[in-house]
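Remarks on the structure that follows.
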Amino acid sequence: MGTLELDGVTKVFPDGDGEIVAVDGVDIEMRDGEFLVVVGPSGCGKSTTLRMVAGLETISSGEIRLAGQRINDVKPQHRDIAMVFQSYALYPHMTVEGNMAFGLEESTDLSDGEIETRVADAAETMGIAELLDRKPADLSGGQRQRVALGRAIVRDPEVFLMDEPLSNLDAKLRSEMRTELQRLQDELDVTTMYVTHDQTEAMTMGDRIAILNAGELQQVATPLECYHEPANRFVAGFIGDPSMNFFPVERDGETLVGDVFDYSLSASTLDDVGDVTDLTLGIRPEDIALAGDSTGDHTFSTVVEVVEPMGDENTVYLRFADAPEGETFIATVGGLQQVSAGDEITVEIPEETVHLFDGTSGEAVHNREIDE
Amino acid sequence: MGTLELDGVTKVFPDGDGEIVAVDGVDIEMRDGEFLVVVGPSGCGKSTTLRMVAGLETISSGEIRLAGQRINDVKPQHRDIAMVFQSYALYPHMTVEGNMAFGLEESTDLSDGEIETRVADAAETMGIAELLDRKPADLSGGQRQRVALGRAIVRDPEVFLMDEPLSNLDAKLRSEMRTELQRLQDELDVTTMYVTHDQTEAMTMGDRIAILNAGELQQVATPLECYHEPANRFVAGFIGDPSMNFFPVERDGETLVGDVFDYSLSASTLDDVGDVTDLTLGIRPEDIALAGDSTGDHTFSTVVEVVEPMGDENTVYLRFADAPEGETFIATVGGLQQVSAGDEITVEIPEETVHLFDGTSGEAVHNREIDE
Amino acid sequence: SGGGDGSDGSDGGDGGGNTLEVLHAWTGGDGARAAEALVSAFDEEYPDVDHEFNPIGGGGNQNLDAVVANRLQNSDPPSSFANWPGPNLQRYEGVLGEVGDVWESEGFEDVMVEEAVDLHQYDGAYRGVPLGSHRLNCLFYNTSVVEEAGVDPDSLTSVSALIDALETVQSETDAIPMTHGASGTWTTTQLFASTMLGQEGYDAYMSFIDGSPDEAAVRATFESLAEILGNYINDDASSIGLTESNQNIIEGNAAFIHQGNWAAGAYRNAEDFAYDEDWGFKTYPGSEGMYMLHFDSFLYPSDNPSPDATEQFMAFVGSEAAQVAFNQYKGSIPTRTDVDMSQFGPYLQETQEDFASADERPPNLQHGLGVPSETMTTLNDVISSEFSGPYNVDAATEGFVDAVSN
Amino acid sequence: MSNDARTDGGTVTEADPGASAGLLAGIDGYRVLLYLGLLGMLTFFLIPIESGLVTSFKNPSGVSGSLPFAPPTGGTFTFEKWRAAFDALGRGLINSALYAIPATVISALLGSFAAYGITQSDWKQKYKAPVLALFVAGIFIPYQAVLVPLSQFWSMVPLQEWLGFLWALGINNDYAGVVELVVTHVAYGLPICTVLFRSYYKNMSEEMIEAARLDGASIRRIYRRIVLPLSGPMFAVVLIYQFTQIWNDLLFTLVLVQTESSAAAPIVLILAGLGTSLEGQDFALRMAGAFIAALPTLAVYIAFGEEFAEGVAT
Amino acid sequence: MTRNTDTGDDSGDAVADGGVAEGGQRSGFSPIAALNERFGSDFVESSQFWLPPFLLVGLFVYGAIIWNLLISLTDFRGFGTPDYGDLDLQMYSRALADSGFIDAAINTFILLVGFTLVTLALGLGLAILIDRNIRFENTFRTIYLLPMSLSFVVTAQFWAWMFNFNNGVINIVITSLGLGRVDWIGNPDIVLWAVMFALMWQFAGYAMVVFLAGLRAIPNEHYEAAKVDGASTVRMYWRVIIPQLKGSTISASVVLMVFALKAFDFLYSLVGGYRPPNGADILATKMVREAYANLNWAYASAVAITLFLMTLGIVGPYLYYQYNRGNL
Ligand SMILES: Nc1ncnc2c1ncn2[C@@H]1O[C@H](COP(=O)(O)OP(=O)(O)OP(=O)(O)O)[C@@H](O)[C@H]1O
Ligand SMILES: Nc1ncnc2c1ncn2[C@@H]1O[C@H](COP(=O)(O)OP(=O)(O)OP(=O)(O)O)[C@@H](O)[C@H]1O
Ligand SMILES: [Mg+2]
Ligand SMILES: [Mg+2]
């Protein structure tokens with residue numbers, strides 16, 4: 001039973017005279033067979049979290065439970081966990097077969113024959129059966145990646161841990177392996193904790209995403225929940241590319257007053273806001289619509305500062321007509337819509353697509369509507 | 001006058017007994033003040049081209065002219081060219097000021113006072129005035145990048161050369177510096193040759209793009225021309241992300257016959273095709289439309305294999321109903337459109353958006369229509 | 001335990017308890033041949049004694065001294081070892097045994113020169129037995145070179161006469177007036193001793209050795225030395241040793257050399273180089289009638305691994321058989337006064353006569369008989385730092401006076 | 001760094017595009033000077049060796065009568081000195097090998113252990129640093145600083161008794177000195193071995209070791225199955241470096257064996273006094289001896305120059 | 001070795017037990033767990049690897065140095081045993097009054113500084129030559145480094161012959177240039193420089209290897225950037241490349257100085273005895289001579305301690321530097 005629970009897990013590194021709190025009271029519960037992606041900016045404590053689960057770092061406080069058992073003090077070699085490393089960490093002097101058999105030889109009492117069978121099976125699964133006699137140096141990047149996975153699955157562990165396993169692959173191979181990993185995890189149904197700093201990977205692979213920032217857990221939810229219903233401003237800004245635009249605003253009655261624009265709110269939204277007055281308004285670039293000449297409650301006249309044509313769409317840097325130069329926000333518009341630097345255009349920021357965050361804590365107070 | 005002309009420039013490296021033709025007869029003319037981005041896959045000869053312009057590699061044949069003067073035999077220290085390296089190549093033992101002053105000290109007779117003034121000015125421009133006394137090791141990546149640029153602009157050269165100057169920065173900083181570089185080049189108006197392998201950079205930064213493949217120049221044109229009117233299949237596939245989908249087809253009268261689908265062509269398109277029969281049909285993912293239930297000439301029924309939700313849009317891997325599993329093509333659809341793996345959906349491939357390439361030479365025979 | 005026998009004689013591998021182990025430093029040339037002769041004579045005399053004669057080579061006696069010191073230090077002494085008697089015995093304070101009964105039973109006191117009797121006692125007991133004696137106040141010359149210069153060596157009876165003769169050689173011939181090998185400092189120290197003896201006389205020399213030096217005498221000696229070394233020796237003196245220096249005499253490149261009479265051994269071995277015809281000997285100018293004494297002896301360590309055999313060996317060393325066998329090859333003379341010299345060559349016979357008839361037999365300075373080894377080291381350090389060119393008379397004088405004063 | 005070459009070479013190529021750049025590039029002045037400098041230095045480094053070599057084949061009249069770097073002529077040629085040198089040094093070769101080889105192997109192994117223990121295992125940096133500092137400092141300690149205690153120590157160890165069984169086999173008991181040399185060289189060679197291995201292990205992938213831990217291997221199994229098999233290249237470096245160091249060292253042999261006359265005298269000890277006896281300076285003999293003594297390390301150097309350079313550079 | 005492995009086995013078991021003990025940690029106290037708690041999780045288990053070598057080094061190196069210090073405080077000389085009951089600094093005051101010691105110390109210092117400087121300079125020159133993209137690079141490098149593989153004893157033989165007054169290569173060369181012969185070994189004013197020269201011959205290759213590694217670590221772009229910035233080749237090396245070799249220079253200097261301190265073997269072999277040529281006595285030779293030729297054990301120990309302090313003066317800052325750069 002591969003349920004994995006992290007309960008207030010904290011890691012403090014000594015740092016000269018002071019300390020670094022790398023992971024700060026993280027609580028996560030993973031169902032058996034779940035695929036959880038841990039994502040966050042560099043240095044936020046993702047690897048440290050994973051390494052604590054693996055037993056490669058001690059736990060400063062909190063508890064990690066595997067199938068209900070506390071494993072804080074179990075040595076890594078006695079936890080039933082397999083890990084796939086960013087560098088693959090294959091043993092260069094052993095053949096693929098040797099690499100895959102090593103864990104079974106060291107951690108089980110299986111006979112040579114049994115080990116051979118299991119290795120052969122796993123190699124079959126990974127499609128590397130014909131590579132068994134090669135050394136890692138003779139493999140391509142993708143093949144090495146497969147061997148590293150094979151080495152993990154052959155042990156049939158309770159939990160898989162993967163620390164940015166795809167980051168050493170080139171773009172094409174990466175997206176290929178992404179799909180393959182998902183397929184494999186579906187098939188094996190082993191609890192998997194997957195670390196990445198790439199929000200695309202996070203969005204596309206996980207059953208759920210756990211977003212970390214500065215050692216603290218921000219949100220654990222499905223990818224689309226994170227995208228559309230971010231728990232706070234950090235999540236909203238981190239997930240999605242280009243990022244959500246944020247504008248600091250002050251609530252004044254039914255209106256949000258920004259530096260250079262006002263934005264009126266409907267009653268239902270105002271309900272969500274409650275009595276918070278210091279707010280941040282968020283809007284995703286793709287939700288900003290070119291309004292043509294029509295004007296309305298939520299249309300604003302803007303100046304185009306830069307247009308980055310991407311072919312399929314253009315990234316347009318806009319500035320409110322009254323804003324000082326350089327203070328831009330981003331909208332994405334269709335690739336064939338002709339806008340050019342210097343144009344004055346009117347855009348609409350539809351109310352059903354805006355997010356509102358508490359200006360001080362960053363907590364989301366209102367998220368966009370989802371029309372299903 | 002910074003016009004820079006490359007005329008049949010070729011570079012041959014000896015390689016054991018044989019030779020490697022790294023750059024093969026490249027012709028480029030750059031206007032004074034133009035920003036040209038050289039792009040292409042790894043190893044295609046971009047750096048070699050740039051280094052020949054800098055004088056760091058000899059030219060095997062052909063000619064390079066700067067302001068009309070042949071400079072093939074001029075030593076690098078006597079060409080009036082500044083270069084920004086991928087690794088920045090800052091001198092670690094000198095302060096920022098020392099780094100910036102070095103070129104002036106070595107290549108001009110300016111007095112110490114004048115040099116100081118010019119360095120101070122350039123530092124001001126780059127916003128690094130307060131860093132002048134620091135050593136490179138004490139700077140962040142972005143700051144180093146600025147210093148490297150500062151070191152180039154302080155010399156006020158005829159030409160800037162930049163070899164992947166942003167590739168060592170993280171994504172956020174990269175897009176920031178991208179904008180900054182564009183602004184700077186606008187301001188200084190110095191002829192600039194900029195090498196990258198990143199098609200996003202190429203699309204967004206350059207006045208024109210030069211696309212290289214295997215040492216040969218494929219196309220020199222504005223970004224949007226390259227996107228919408230690629231000169232050949234290579235350019236079409238290289239520019240744009242996700243890539244254009246390609247299907248090999250055979251022309252049979254007015255119809256293109258593919259492995260698993262037929263596609264009828266209008267007369268005007270047929271005109272473009274002429275008498276080529278072996279063709280490749282290309283369609284960009286964003287041009288594939290979900291057709292709902294409607295059927296028409298250019299609609300096809302497909303099966304959804306994988307959906308990768310990206311938030312703002314979904315990348316959908318589709319398969320023609322008759323195609324074997326795994327043979328997919330890509331479409332991008334809006335983020336809130338609900339499609340899921342296994343769905344059978346009908347898509348439209350509008351004729352005005354398709355590209356046709358010669359199946360053997362890869363030359364474009366027909367490009368999409370652009371509605372302006 | 002730098003290699004050697006088991007310390008208590010019971011555990012050594014091949015019954016080493018009774019093996020006689022003798023260390024000496026005669027590893028090459030005359031020395032080796034002499035040592036061989038000694039061993040075979042011993043075999044003849046004492047065929048039943050197991051023995052092991054170990055020559056310790058390298059660095060003159062330095063290596064031997066170091067090895068002996070180390071073994072004594074580690075309480076792993078050899079049965080006997082070659083060394084010098086006299087004040088030199090001081091450094092073996094506490095580790096030498098007594099061989100008084102050998103002296104007594106063999107009657108050595110009656111047959112050895114009286115200086116030998118005195119010098120082999122330390123702390124009131126005999127510590128070893130002499131084997132042979134070299135003479136130190138010698139001046140050798142190449143006959144043809146001095147003839148060419150028109151110098152009569154026999155007329156040189158003072159140091160100043162010597163210096164004049166050197167000047168004559170210098171001006172009359174291309175040869176080196178006096179060859180000197182100063183790569184070690186000992187040759188210069190030794191030259192100092194002979195010069196002092198020759199110039200300042202026996203009493204001044206003896207009071208120097210005895211620790212009440214007359215500074216003026218020391219200074220005068222150094223002044224003469226400075227004149228000789230500064231003007232009349234070979235260019236490469238400081239980088240060559242005795243052997244190369246002596247070679248200059250044999251090859252006719254130099255007129256004179258001062259050395260102990262072991263130098264004559266090389267002449268004997270050289271082809272076509274005969275005594276009185278090709279080379280000659282003169283007592284060091286001014287020291288006529290004196291024999292500056294040297295002894296090669298075997299000492300007896302206490303805690304001896306083979307006391308019986310060693311005593312037999314000691315008795316043998318002082319015997320006529322041993323002294324004849326050894327000295328005729330070594331180029332030295334017996335320390336017994338009752339030896340038949342007929343087996344020795346003419347030069348050694350003359351030396352023996354000088355020895356027997358000498359007015360005074362002052363102990364040497366450099367080879368253990370004059371001063372303790374520590375003083376000797378200091379003297380050599382002074383030579384090394386002050387008197388190996390440039391020649392600093394003042395500093396050298398001060399250094400020597402300080403070193404011997406007690 | 002080759003840009004100059006490129007630029008200059010380019011000029012030539014331009015003048016005659018068809019010619020092979022490599023050949024013609026040698027002609028320009030800058031390159032000529034460069035190669036002259038290189039050859040000059042080559043002469044400087046080889047001349048002492050060359051003149052030693054030719055001298056070793058000369059008879060006395062050849063030594064004094066011909067230029068030191070001129071090869072012997074028919075009349076002055078002789079093998080005699082090599083034969084004499086070999087007679088004198090032959091046993092030294094064997095004696096040296098007797099301690100140099102075991103000491104090299106043991107110190108390399110122990111060095112590997114130590115480096116593994118303080119590099120690839122997980123205990124606090126705070127405590128590792130001083131341990132490591134002691135190892136590193138140990139490299140630089142002048143042996144003189146430990147010499148007196150070392151002699152004292154070995155005079156207190158009853159090695160002669162412990163090895164009595166060897167003497168009973170008829171082995172000369174001087175060979176106790178060989179045992180002392182092995183232990184001494186191991187102890188003083190350990191710091192450099194450890195540091196060499198450490199630099200290697202530090203670059204070994206940490207993730208790989210962690211992978212092995214997760215695979216269930218203990219620290220000892222990881223060493224046996226992962227680290228040791230991967231240490232091959234470093235073992236080559238360390239063995240070669242240590243061997244030359246130990247073979248070449250004189251000081252310890254001088255203190256522990258003392259004399260070339262000992263049955264167990266190592267070759268360097270014999271060589272140090274060779275040809276300087278009362279016979280005078282026999283340079284031909286000294287040169288021949290020098291070559292015989294240098295032979296093993298030269299052979300190692302020529303065969304494994306890269307590894308040697310690597311050891312040296314650390 | 002066998003015994004060693006056995007010990008390893010034992011502690012291996014101990015660790016397995018330790019694992020069990022850890023399981024029961026909450027109930028009782030385990031010394032192993034306590035050690036691990038204090039020093040890090042693998043402290044005990046890994047000690048089977050590093051502890052025996054560490055003890056060996058600790059005893060033979062650091063134990064010996066402390067012992068040496070003790071001996072230097074006694075009056076131990078000649079035969080017998082040191083008397084540790086009576087410790088004073090007498091030997092050190094004797095050293096200060098001993099002109100031989102002062103000379104040796106000065107010579108040591110001159111050798112240290114002079115040798116290091118010339119060797120670094122030559123090594124740097126060689127490295128730059130080699131680094132100019134030459135053909136036969138490996139051959140040149142191999143030959144330049146060759147002397148390093150030789151024993152001091154062997155090089156002493158070669159150089160005794162090179163410096164020979166009558167027939168040495170050097171005197172032959174300078175006389176052929178019309179200069180007078182020089183007594184390289186015999187002249188006390190020159191001999192130290194001659195020794196320095198010979199040692200430079202032996203170790204310039206070492207400096208070259210270190211500098212070459214340093215040069216190769218400088219990215220090619222720095223050379224190119226300097227060129228594009230308009231610097232000539234000489235200016236490029238002087239202003240951009242050589243200043244970046246600081247680290248190489250420091251580590252090469254330290255090692256060279258330590259070699260210089262150990263030049264005993266060379267000087268001993270040059271003359272085949274404990275007393276080096278006049279004017280070339282250094283502390284290393286003096287120490288050995290005092291101990292093994294003169295049996296002045298305590299005095300020799302005091303000289304040794306002085307030598308050790310000199311080394312410490314060089315190595316200490318170096319270790320600190322390395323520590324600061326995170327190399328320890
Ligand atoms: N052994 C350590 N000692 C001290 N600090 C550490 C140690 N390991 C990590 N840290 C610090 O802990 C924080 C979290 O590091 P961690 O490696 O978990 O980040 P990450 O999220 O994996 O980052 P990345 O995406 O760059 O891999 C960082 O600030 C890091 O500097
Ligand atoms: N000095 C050289 N000697 C031999 N071949 C070289 C040399 N420099 C480059 N090449 C070869 O020339 C070709 C072009 O290299 P170049 O560095 O210009 O590629 P690039 O387009 O800059 O690639 P990247 O994006 O990886 O930097 C490659 O095949 C490369 O292997
Ligand atoms: Mg990480
Ligand atoms: Mg490149």
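Going through the structure tokens in order, the chains are called A, B, and so on, while each chain numbers its residues from 1 and the ligands are numbered from 1 in the order shown.
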### Query
Per DSSP on the backbone, what are the strand (DSSP E) residues of segment 146-277 of chain A, as a ChimeraX atom specification?
/A:159-163,191-196,208-213,216-221,245-252,255-258,262-264
With C-alpha atoms retained, could you export that selection as a PDB file, in the first residue's frame?
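As a result, out-v1.pdb now contains:
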ATOM      1  CA  VAL A 159       6.919   4.632  -4.130  1.00  0.00           C
ATOM      2  CA  PHE A 160       8.724   6.155  -7.075  1.00  0.00           C
ATOM      3  CA  LEU A 161      10.577   9.392  -6.607  1.00  0.00           C
ATOM      4  CA  MET A 162      11.751  11.350  -9.617  1.00  0.00           C
ATOM      5  CA  ASP A 163      13.829  14.494  -9.470  1.00  0.00           C
ATOM      6  CA  THR A 191       2.558   6.110  -6.070  1.00  0.00           C
ATOM      7  CA  THR A 192       4.876   8.614  -7.720  1.00  0.00           C
ATOM      8  CA  MET A 193       6.296  11.884  -6.555  1.00  0.00           C
ATOM      9  CA  TYR A 194       7.728  13.848  -9.426  1.00  0.00           C
ATOM     10  CA  VAL A 195       9.775  17.004  -9.075  1.00  0.00           C
ATOM     11  CA  THR A 196      10.142  19.574 -11.794  1.00  0.00           C
ATOM     12  CA  ARG A 208      -2.260  16.632  -8.872  1.00  0.00           C
ATOM     13  CA  ILE A 209       0.295  19.377  -8.566  1.00  0.00           C
ATOM     14  CA  ALA A 210       1.927  20.513  -5.347  1.00  0.00           C
ATOM     15  CA  ILE A 211       3.305  23.994  -5.659  1.00  0.00           C
ATOM     16  CA  LEU A 212       6.105  24.999  -3.338  1.00  0.00           C
ATOM     17  CA  ASN A 213       7.550  28.395  -2.774  1.00  0.00           C
ATOM     18  CA  GLU A 216       6.219  26.426   1.935  1.00  0.00           C
ATOM     19  CA  LEU A 217       3.425  24.529   0.282  1.00  0.00           C
ATOM     20  CA  GLN A 218       1.144  26.864  -1.674  1.00  0.00           C
ATOM     21  CA  GLN A 219      -1.476  24.595  -3.140  1.00  0.00           C
ATOM     22  CA  VAL A 220      -2.102  20.954  -3.897  1.00  0.00           C
ATOM     23  CA  ALA A 221      -4.674  20.478  -6.624  1.00  0.00           C
ATOM     24  CA  ASN A 245      -0.966  40.205 -15.311  1.00  0.00           C
ATOM     25  CA  PHE A 246      -1.343  41.750 -11.887  1.00  0.00           C
ATOM     26  CA  PHE A 247      -2.512  45.217 -10.992  1.00  0.00           C
ATOM     27  CA  PRO A 248      -2.542  46.545  -7.452  1.00  0.00           C
ATOM     28  CA  VAL A 249      -5.932  48.116  -6.749  1.00  0.00           C
ATOM     29  CA  GLU A 250      -7.831  49.624  -3.856  1.00  0.00           C
ATOM     30  CA  ARG A 251     -11.473  48.842  -3.342  1.00  0.00           C
ATOM     31  CA  ASP A 252     -13.624  51.907  -3.181  1.00  0.00           C
ATOM     32  CA  THR A 255     -15.096  50.001  -7.813  1.00  0.00           C
ATOM     33  CA  LEU A 256     -11.504  48.936  -7.794  1.00  0.00           C
ATOM     34  CA  VAL A 257      -9.248  51.922  -8.089  1.00  0.00           C
ATOM     35  CA  GLY A 258      -5.895  51.280  -9.694  1.00  0.00           C
ATOM     36  CA  ASP A 262     -10.852  51.998 -12.405  1.00  0.00           C
ATOM     37  CA  TYR A 263     -12.701  48.737 -12.585  1.00  0.00           C
ATOM     38  CA  SER A 264     -16.243  48.237 -11.403  1.00  0.00           C
TER      39      SER A 264
END
### Task
Would you list the contacts of Tyr126 of chain C as a ChimeraX atom specification, taking every protein, DNA or RNA residue within 12 Å and counting only C-alpha atoms, but skipping same-chain residues closer than 4 positions in sequence?
/C:85-86,89,96-104,108-109,116-122,130,297-301,314
Output file for the selection above: N, CA and C atoms, as an mmCIF file, in the first residue's frame:
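What ended up in again-v7.cif:
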data_model
loop_
_atom_site.group_PDB
_atom_site.id
_atom_site.type_symbol
_atom_site.label_atom_id
_atom_site.label_comp_id
_atom_site.auth_asym_id
_atom_site.auth_seq_id
_atom_site.Cartn_x
_atom_site.Cartn_y
_atom_site.Cartn_z
ATOM 1 N N PRO C 85 91.392 6.316 18.383
ATOM 2 C CA PRO C 85 91.420 6.429 19.842
ATOM 3 C C PRO C 85 91.580 7.884 20.260
ATOM 4 N N GLY C 86 92.082 8.112 21.437
ATOM 5 C CA GLY C 86 92.301 9.470 21.899
ATOM 6 C C GLY C 86 91.010 10.157 22.288
ATOM 7 N N LEU C 89 87.416 9.075 21.678
ATOM 8 C CA LEU C 89 86.657 8.078 22.440
ATOM 9 C C LEU C 89 85.528 8.721 23.240
ATOM 10 N N LEU C 96 81.455 1.895 25.543
ATOM 11 C CA LEU C 96 82.637 1.083 25.255
ATOM 12 C C LEU C 96 82.979 0.216 26.458
ATOM 13 N N GLY C 97 83.409 -1.017 26.144
ATOM 14 C CA GLY C 97 83.810 -1.933 27.214
ATOM 15 C C GLY C 97 85.316 -1.799 27.485
ATOM 16 N N GLU C 98 85.809 -2.709 28.279
ATOM 17 C CA GLU C 98 87.231 -2.657 28.634
ATOM 18 C C GLU C 98 87.955 -3.847 28.045
ATOM 19 N N VAL C 99 89.178 -3.583 27.542
ATOM 20 C CA VAL C 99 89.982 -4.698 27.034
ATOM 21 C C VAL C 99 91.337 -4.736 27.733
ATOM 22 N N GLY C 100 91.346 -4.268 28.968
ATOM 23 C CA GLY C 100 92.585 -4.240 29.740
ATOM 24 C C GLY C 100 93.236 -5.615 29.821
ATOM 25 N N ASP C 101 92.421 -6.683 29.964
ATOM 26 C CA ASP C 101 93.029 -8.013 30.094
ATOM 27 C C ASP C 101 93.709 -8.455 28.804
ATOM 28 N N VAL C 102 93.216 -7.986 27.682
ATOM 29 C CA VAL C 102 93.905 -8.317 26.430
ATOM 30 C C VAL C 102 95.279 -7.647 26.402
ATOM 31 N N TRP C 103 95.251 -6.345 26.722
ATOM 32 C CA TRP C 103 96.525 -5.628 26.760
ATOM 33 C C TRP C 103 97.521 -6.339 27.685
ATOM 34 N N GLU C 104 96.967 -6.764 28.790
ATOM 35 C CA GLU C 104 97.846 -7.381 29.773
ATOM 36 C C GLU C 104 98.368 -8.708 29.278
ATOM 37 N N PHE C 108 100.867 -5.809 25.397
ATOM 38 C CA PHE C 108 100.881 -4.694 24.453
ATOM 39 C C PHE C 108 101.588 -3.475 25.016
ATOM 40 N N GLU C 109 101.423 -3.263 26.313
ATOM 41 C CA GLU C 109 101.999 -2.055 26.889
ATOM 42 C C GLU C 109 103.499 -1.965 26.624
ATOM 43 N N ALA C 116 100.468 5.276 21.985
ATOM 44 C CA ALA C 116 99.367 4.335 21.793
ATOM 45 C C ALA C 116 98.830 3.873 23.136
ATOM 46 N N VAL C 117 99.733 3.643 24.050
ATOM 47 C CA VAL C 117 99.317 3.193 25.379
ATOM 48 C C VAL C 117 98.419 4.246 26.023
ATOM 49 N N ASP C 118 98.852 5.503 25.934
ATOM 50 C CA ASP C 118 98.046 6.559 26.549
ATOM 51 C C ASP C 118 96.703 6.731 25.858
ATOM 52 N N LEU C 119 96.789 6.801 24.535
ATOM 53 C CA LEU C 119 95.597 7.215 23.791
ATOM 54 C C LEU C 119 94.502 6.155 23.736
ATOM 55 N N HIS C 120 94.823 4.904 24.015
ATOM 56 C CA HIS C 120 93.777 3.891 23.987
ATOM 57 C C HIS C 120 93.074 3.716 25.310
ATOM 58 N N GLN C 121 93.433 4.549 26.241
ATOM 59 C CA GLN C 121 92.749 4.475 27.524
ATOM 60 C C GLN C 121 91.754 5.623 27.628
ATOM 61 N N TYR C 122 90.649 5.287 28.217
ATOM 62 C CA TYR C 122 89.664 6.324 28.475
ATOM 63 C C TYR C 122 89.025 5.990 29.806
ATOM 64 N N PRO C 130 95.337 -0.704 18.833
ATOM 65 C CA PRO C 130 95.739 -0.080 17.578
ATOM 66 C C PRO C 130 96.171 -1.113 16.545
ATOM 67 N N SER C 297 92.476 2.068 14.797
ATOM 68 C CA SER C 297 92.331 1.119 15.891
ATOM 69 C C SER C 297 91.001 0.410 15.790
ATOM 70 N N PHE C 298 90.883 -0.663 16.537
ATOM 71 C CA PHE C 298 89.576 -1.305 16.697
ATOM 72 C C PHE C 298 89.112 -1.108 18.120
ATOM 73 N N LEU C 299 87.867 -0.667 18.261
ATOM 74 C CA LEU C 299 87.337 -0.391 19.592
ATOM 75 C C LEU C 299 86.404 -1.524 20.019
ATOM 76 N N TYR C 300 86.208 -1.567 21.299
ATOM 77 C CA TYR C 300 85.463 -2.687 21.870
ATOM 78 C C TYR C 300 84.197 -2.168 22.563
ATOM 79 N N PRO C 301 83.032 -2.395 21.954
ATOM 80 C CA PRO C 301 81.792 -1.925 22.581
ATOM 81 C C PRO C 301 81.429 -2.789 23.778
ATOM 82 N N MET C 314 90.774 -8.819 19.271
ATOM 83 C CA MET C 314 91.557 -7.704 19.805
ATOM 84 C C MET C 314 93.031 -8.112 19.959
#
### Message
If you run DSSP on the backbone here, which positions in segment 28-62 of chain E get alpha helix (DSSP H)? Please write them as number ranges by chain.
### Response
E: 31-39, 43-57
### Task
Using only C-alpha atoms, pick whichever of B:Ala148, B:Leu4, B:Ala54, B:Met30 has the shortest atom-to-atom distance to chain D.
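Nearest to chain D: B:Ala54.
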### Query
Any idea which chain E residues end up within 7 Å of chain B if we count only C-alpha atoms, as a list in words please?
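Close to chain B, chain E has Glu221, His222, Glu224, Ala225, Lys227, Val228, Asp229, Gly230, Ala231, Val240, Pro243 and Gln244 of chain E.
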### Message
I want to know what sits within 10 Å of segment 272-276 of chain A, based on only C-alpha atoms, with residues of the same chain fewer than 3 positions away left out; could you give that as a list in words?
### Response
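The neighbour list is Glu250, Arg251, Leu265, Ala267, Ser268, Thr269, Leu279, Leu356, Phe357, Asp358, Gly359, Thr360, Ala364, Val365, His366 and Asn367 of chain A.
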## Note on the structure
Students should find that atom CA of Ala88 of chain D and atom CA of Ala32 of chain C are spaced 15.3 Å
Write out as a Markdown table the residues of chain D that have any atom within 12 Å of an atom of ligand 1, one row each with the nearest atom pair and its distance in Å to one decimal, counting only C-alpha atoms and all ligand atoms, sorted by chain and then rising number.
| residue | atom | partner | partner_atom_place_in_ligand_line | distance |
| --- | --- | --- | --- | --- |
| D:Asp122 | CA | ligand 1 | 1 (N) | 10.5 |
| D:Trp123 | CA | ligand 1 | 1 (N) | 11.3 |
| D:Lys124 | CA | ligand 1 | 1 (N) | 10.1 |
| D:Gln125 | CA | ligand 1 | 1 (N) | 9.7 |
| D:Lys126 | CA | ligand 1 | 3 (N) | 11.7 |
